[in-house]
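**Student:** Got a structure for you, questions after.
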Amino acid sequence: ENSIAVPCHTDQSIRNISFKNFPQHLNAKVICPTCNSEKTKLISKFGSTPCKSLYKCEDCSNPFDYFKKHWLMNQLFKKLEVIDVEKLTDNSVILEFFISNVMKKKFNYFPGQFVTLEIDIEGKNYYRTYSICSQKHESNIKIAVKRVVGGLISNWINEKVKIGDHIKVSMPAGDFVAKKNYSIQKKYLYFAGGSGITPIFSLIGSKLNSEPNSIHYLVFCNTTQSQVMFKTQLLDLKNKFISRLAIFFIFSEENNEFDIQNGFISKNKIQLIF
């Protein structure tokens with residue numbers, strides 16, 4: 001009814017992976033990062049990103065993000081070659097990984113899912129999840145990485161990764177996906193802010209190409225126009241599917257000609273737009 005479905009992997013091998021082959025911190029209980037209590041409960045399947053769930057501590061009452069359990073269970077890393085590094089904005093890049101015919105089945109994904117990178121820096125492994133931004137009809141997998149102030153891995157990727165590098169990448173996971181609907185004229189409404197556009201960009205592009213009767217509306221908030229990730233790609237999609245895609249940009253730190261584009265996403269703005 002809500003166009004959200006949990007993906008079913010056809011490759012059964014990922015269901016039989018043991019925790020013993022992974023770093024100890026990936027097997028930990030869900031512990032509150034504020035008070036270290038183990039008395040925590042799941043509040044929402046979706047946290048600040050699709051690869052995280054929202055938990056709440058029963059002792060201190062603080063909510064917090066935590067990587068999803070199914071993500072921890074389904075890890076299988078393969079070393080993939082970086083075949084393109086594209087500057088997206090002044091603080092973000094797109095990495096494109098080559099997916100060979102041998103790897104096609106293992107790296108089959110649903111638009112909206114994510115992968116995990118295993119990064120080795122000075123002999124220490126770090127794990128970070130990034131949403132897939134490629135579209136389903138494309139042959140390779142792409143991710144977008146935005147710099148985080150003080151972020152070790154996001155800055156390393158933006159500064160150091162180059163074409164020809166090899167990085168360990170997990171098979172796709174996540175349930176921020178939408179059911180395919182080829183015949184019914186379905187309408188989709190998306191809200192995104194900053195780098196949160198990444199999985200939504202994959203969803204929009206994939207569905208515009210695979211669902212000829214679908215109509216899409218995107219409300220996208222950023223600080224300034226220069227910080228809009230996928231701006232060119234989104235406008236290209238809009239021009240290609242002019243009667244099926246409408247995009248409404250809002251900027252929180254920039255004055256624009258139309259007042260409705262200034263500030264933040266709000267109930268009043270949504271009512272004016274729709």
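Note on naming: chains are A, B, ... as they come in the structure tokens, residues start from 1 per chain, ligands start from 1 in the order shown.
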Running DSSP on the backbone, which parts of range 36-96 of chain A land in helix (DSSP H, G or I), as a PyMOL selection string?
**Tutor:** chain A and resi 69-73
**Student:** Print the selection's residues with C-alpha atoms to a file, as a short mmCIF file (atom, residue, chain, number, x, y, z; two decimals), in the first residue's frame.
**Tutor:**
data_model
loop_
_atom_site.label_atom_id
_atom_site.label_comp_id
_atom_site.auth_asym_id
_atom_site.auth_seq_id
_atom_site.Cartn_x
_atom_site.Cartn_y
_atom_site.Cartn_z
CA LYS A 69 20.84 -6.07 12.54
CA HIS A 70 20.17 -7.52 9.09
CA TRP A 71 23.04 -5.39 7.80
CA LEU A 72 25.40 -6.99 10.32
CA MET A 73 24.20 -10.47 9.41
#
**Student:** List as an MDAnalysis selection string the protein and nucleic acid residues near range 87-101 of chain A, meaning an atom at most 9 Å away when only C-alpha atoms are counted, but skip any in the same chain fewer than 2 places from it.
**Tutor:** chainID A and resid 80:85 103:105 107 133:134 139:148 154:155 157:158 161:163 166:167 195 226:231
**Student:** Taking only C-alpha atoms into account, which of A:Lys207, A:Arg128, A:Lys136, A:Lys39 comes nearest Asn108 in chain A?
**Tutor:** A:Lys136
**Student:** Tell me, as a PyMOL selection string, which residues lie within 6 Å of range 209-224 of chain A, counting only C-alpha atoms; anything in the same chain fewer than 5 positions away does not count.
**Tutor:** chain A and resi 182+185-194+244-254
**Student:** Which parts of range 151-228 of chain A does DSSP call strand (DSSP E or B) when run on the backbone here, written out as a list in words?
**Tutor:** His166, Ile167, Lys168, Val169, Ser170, Ala173, Lys187, Tyr188, Leu189, Tyr190, Phe191, Ala192, Gly193, Ile215, His216, Tyr217, Leu218, Val219, Phe220, Cys221 and Asn222 of chain A
**Student:** One decimal, in Å: what's the spacing between CA of Gly150 in chain A and CA of Asn125 in chain A?
**Tutor:** 17.7 Å
**Student:** So that I can see what lies close to Cys35 in chain A, please list as a list in words the residues with an atom at most 12 Å from it, counting only C-alpha atoms and leaving out residues fewer than 6 positions away in the same chain.
**Tutor:**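 With the cut-off at 12 Å, the set is Lys56, Cys57, Glu58, Asp59, Cys60, Ser61, Asn62, Pro63 and Phe64 of chain A.
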**Student:** Residues as selected, C-alpha atoms, written as a compact mmCIF listing (two decimals), in the first residue's frame, can you do that?
**Tutor:**
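Okay, this is what ended up in result29.txt:
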# COMPACT_ATOMS: atom_id res chain seq x y z
CA LYS A 56 15.62 4.65 22.47
CA CYS A 57 17.28 4.12 25.82
CA GLU A 58 14.87 3.09 28.58
CA ASP A 59 17.19 4.46 31.28
CA CYS A 60 18.08 7.95 30.01
CA SER A 61 15.27 8.22 27.41
CA ASN A 62 17.65 9.44 24.70
CA PRO A 63 17.02 8.32 21.08
CA PHE A 64 19.99 7.21 18.96
